[in-house]
Amino acid sequence: MQSSDPAPSNATEVILNEEVKINWYRCKVDRAVMSELMRKNDARAFRHVLLHLGLYVCTATTAFIAFKNIHAANWLWTFPLFLLALFAHGTCCNFYAGDVGHELTHKTPFKTQFWNDFFLSIYAFIGWFDPIGYRLSHSKHHQFTTHKDLDGEVVLPQRLDIKGVLFFIHVLTFDPVGIWYFLRRWTRAALGDSTSSSFFGPEWMAKLIPQDNEKLRRNHRNWARVVVLGHLALATLFIATGNWILIVIINFGCLLCPWLVILCNMPQHVGLTPNVPDFRLCCRTYTCGPLIGFLYWNMQYHVEHHMFPSVPFYNLPRLRKVIEHDLPPAPHGLWATWREMWPIMQRQRTDPSYCYVPPLPQNGGAGELQPV
């Protein structure tokens with residue numbers, strides 16, 4: 001393991017105006033192999049994006065048609081079908097903000113950069129996603145992953161507050177109080193409060209978008225206005241045309257049924273070791289079936305993504321095969337992953353200083369590229 005340069009004690013004050021270097025451990029990969037893995041492909045990116053957006057259209061349309069077919073004579077079976085369709089729609093939509101927006105923020109899916117920005121705007125609008133603040137935060141997250149006072153995006157130890165039946169109702173349906181605060185933060189951002197974010201706390205946002213950076217503040221405010229006013233205009237149109245249910249399906253689709261996105265996202269860093277210069281110790285990879293990987297844009301390969309963030313998401317499975325000999329074992333499936341994580345999370349409740357340290361292979365040879 002390589003050593004990390006000590007961070008200054010006032011790291012939170014210098015995070016955006018001084019260079020703090022962490023000497024990260026990275027697996028050895030042949031230069032030609034890495035060059036091929038980093039190659040972007042417009043066709044592969046278009047295929048994934050169009051299928052992903054096509055799924056959105058299908059689930060939204062199904063929910064809308066199901067609602068329109070509810071009548072007094074058949075509601076006993078059509079209303080449950082509508083709820084099921086809405087559940088499927090919300091489950092898929094929750095990936096549109098932080099997960100899809102994350103990859104497009106990296107600008108790695110498309111070789112043609114225009115398309116990265118174009119589809120980022122579409123997904124960010126649908127998912128109420130702030131690419132301005134997120135891009136600033138996420139660059140620091142990669143640079144200082146889980147380092148105290150330097151990474152304000154992921155602070156370890158992380159906890160999942162399960163509050164009995166109410167928690168499960170919220171993650172399987174919706175959280176009205178959470179939606180209210182979510183909309184209030186977006187409204188504040190549209191009114192010019194650059195510290196207001198649906199993702200991050202005000203202290204971290206104040207460091208990302210300082211008061212004296214008027215250009216950043218203006219960009220953040222303008223995007224918030226596009227999102228808030230755009231959704232307001234859509235909601236007005238839906239009401240005027242007598243299709244108010246589209247407010248639930250379109251405007252708030254990404255705020256419904258977050259259960260699967262929680263199951264997928266929580267394993268990324270939870271229970272692992274902060275303040276270490278080795279992504280294998282502060283990130284977690286798991287493998288899963290093709291549907292989860294499709295929705296999640298392969299972010300289950302999280303060690304690989306942090307170690308080589310320039311590799312497009314569709315090449316991460318191949319990257320895994322190249323460096324697998326130098327990585328900890330990865331559980332397969334969400335059930336196995338959470339079965340491994342749950343005791344760690346429970347132990348951290350009573351002992352916050354505890355961290356799980358996965359076994360690391362003692363080798364570092366260059367990998368070979370595997371066929372697709």
# chains A, B, ... in the order shown; residues from 1 in each chain; ligands from 1
$ residues_around --residues "Trp338 (chain A)" --least-positions-apart "5" --cutoff "10 Å" --atoms "only C-alpha atoms" --output "number ranges by chain"
A: 263-264, 266-267, 331, 333, 343-345
$ residues_around --residues "Pro317 (chain A)" --least-positions-apart "3" --cutoff "12 Å" --atoms "only C-alpha atoms" --output "compact mmCIF listing (two decimals) with N, CA and C atoms, in the first residue's frame"
# COMPACT_ATOMS: atom_id res chain seq x y z
N LEU A 37 -9.50 0.13 -22.89
CA LEU A 37 -10.59 0.19 -21.92
C LEU A 37 -11.15 1.61 -21.79
N THR A 285 -16.96 -3.29 -4.33
CA THR A 285 -17.51 -3.83 -5.58
C THR A 285 -18.35 -5.05 -5.27
N TYR A 286 -19.48 -5.14 -5.94
CA TYR A 286 -20.25 -6.38 -5.95
C TYR A 286 -20.69 -6.63 -7.39
N THR A 287 -21.06 -7.84 -7.68
CA THR A 287 -21.55 -8.14 -9.01
C THR A 287 -23.05 -8.45 -8.92
N CYS A 288 -23.72 -8.36 -10.04
CA CYS A 288 -25.18 -8.52 -10.04
C CYS A 288 -25.65 -8.93 -11.43
N GLY A 289 -26.95 -9.15 -11.56
CA GLY A 289 -27.53 -9.54 -12.83
C GLY A 289 -27.60 -8.39 -13.81
N PRO A 290 -27.92 -8.68 -15.06
CA PRO A 290 -27.91 -7.65 -16.11
C PRO A 290 -28.93 -6.54 -15.91
N GLY A 293 -27.53 -4.11 -13.31
CA GLY A 293 -26.39 -3.43 -13.93
C GLY A 293 -26.84 -2.41 -14.96
N TRP A 297 -26.10 1.47 -14.26
CA TRP A 297 -25.00 1.87 -15.13
C TRP A 297 -23.67 1.31 -14.63
N ASN A 298 -23.70 0.07 -14.17
CA ASN A 298 -22.51 -0.68 -13.78
C ASN A 298 -21.73 -0.06 -12.62
N MET A 299 -22.36 0.75 -11.82
CA MET A 299 -21.66 1.33 -10.69
C MET A 299 -21.46 0.34 -9.55
N GLN A 300 -21.95 -0.90 -9.73
CA GLN A 300 -21.61 -1.93 -8.76
C GLN A 300 -20.11 -2.24 -8.78
N TYR A 301 -19.46 -1.90 -9.90
CA TYR A 301 -17.99 -2.03 -9.98
C TYR A 301 -17.36 -0.75 -9.43
N HIS A 302 -17.50 -0.56 -8.13
CA HIS A 302 -17.17 0.75 -7.59
C HIS A 302 -15.68 0.93 -7.30
N VAL A 303 -15.01 -0.12 -6.90
CA VAL A 303 -13.56 -0.02 -6.73
C VAL A 303 -12.92 0.31 -8.08
N GLU A 304 -13.36 -0.40 -9.10
CA GLU A 304 -12.79 -0.20 -10.44
C GLU A 304 -13.07 1.22 -10.94
N HIS A 305 -14.28 1.71 -10.68
CA HIS A 305 -14.64 3.06 -11.13
C HIS A 305 -13.78 4.11 -10.44
N VAL A 311 -12.55 5.22 -17.35
CA VAL A 311 -13.07 4.06 -18.09
C VAL A 311 -14.60 4.17 -18.16
N PRO A 312 -15.19 4.16 -19.36
CA PRO A 312 -16.65 4.24 -19.48
C PRO A 312 -17.34 3.10 -18.74
N PHE A 313 -18.56 3.36 -18.31
CA PHE A 313 -19.28 2.39 -17.50
C PHE A 313 -19.46 1.05 -18.19
N TYR A 314 -19.58 1.06 -19.54
CA TYR A 314 -19.81 -0.20 -20.25
C TYR A 314 -18.55 -1.05 -20.35
N ARG A 320 -12.77 -5.12 -14.63
CA ARG A 320 -12.77 -6.01 -13.47
C ARG A 320 -11.98 -7.28 -13.76
N LYS A 321 -12.19 -7.85 -14.94
CA LYS A 321 -11.49 -9.09 -15.29
C LYS A 321 -9.98 -8.87 -15.40
N VAL A 322 -9.60 -7.67 -15.84
CA VAL A 322 -8.18 -7.37 -16.02
C VAL A 322 -7.45 -7.28 -14.68
N ILE A 323 -8.09 -6.69 -13.68
CA ILE A 323 -7.40 -6.43 -12.40
C ILE A 323 -7.96 -7.26 -11.25
N GLU A 324 -8.81 -8.23 -11.54
CA GLU A 324 -9.48 -8.99 -10.50
C GLU A 324 -8.50 -9.69 -9.57
N LEU A 369 -6.42 -8.03 -21.40
CA LEU A 369 -7.76 -7.66 -21.82
C LEU A 369 -8.55 -8.91 -22.18
N GLN A 370 -9.78 -9.00 -21.61
CA GLN A 370 -10.61 -10.15 -21.89
C GLN A 370 -11.58 -9.83 -23.04
N PRO A 371 -11.98 -10.84 -23.79
CA PRO A 371 -12.95 -10.59 -24.87
C PRO A 371 -14.31 -10.19 -24.31
N VAL A 372 -15.07 -9.45 -25.11
CA VAL A 372 -16.41 -9.03 -24.69
C VAL A 372 -17.31 -10.25 -24.54
$ closest_residue --among "A:Arg47, A:Lys68, A:Arg159, A:Arg284" --to "Asn243 (chain A)" --atoms "only C-alpha atoms"
A:Lys68
$ closest_residue --among "A:Phe95, A:Phe110, A:Phe279, A:Phe125" --to "Phe144 (chain A)" --atoms "only C-alpha atoms"
A:Phe279
$ closest_residue --among "A:Leu316, A:Leu334, A:Val357, A:Ile239" --to "Leu281 (chain A)" --atoms "only C-alpha atoms"
A:Val357
$ closest_atom_pairs --of "region 74-140 of chain A" --to "region 172-183 of chain A" --cutoff "9 Å" --atoms "only C-alpha atoms" --output "Markdown table"
| residue | atom | partner | partner_atom | distance |
| --- | --- | --- | --- | --- |
| A:Phe87 | CA | A:Thr173 | CA | 7.2 |
| A:Gly90 | CA | A:Thr173 | CA | 8.4 |
| A:Thr91 | CA | A:Leu172 | CA | 8.7 |
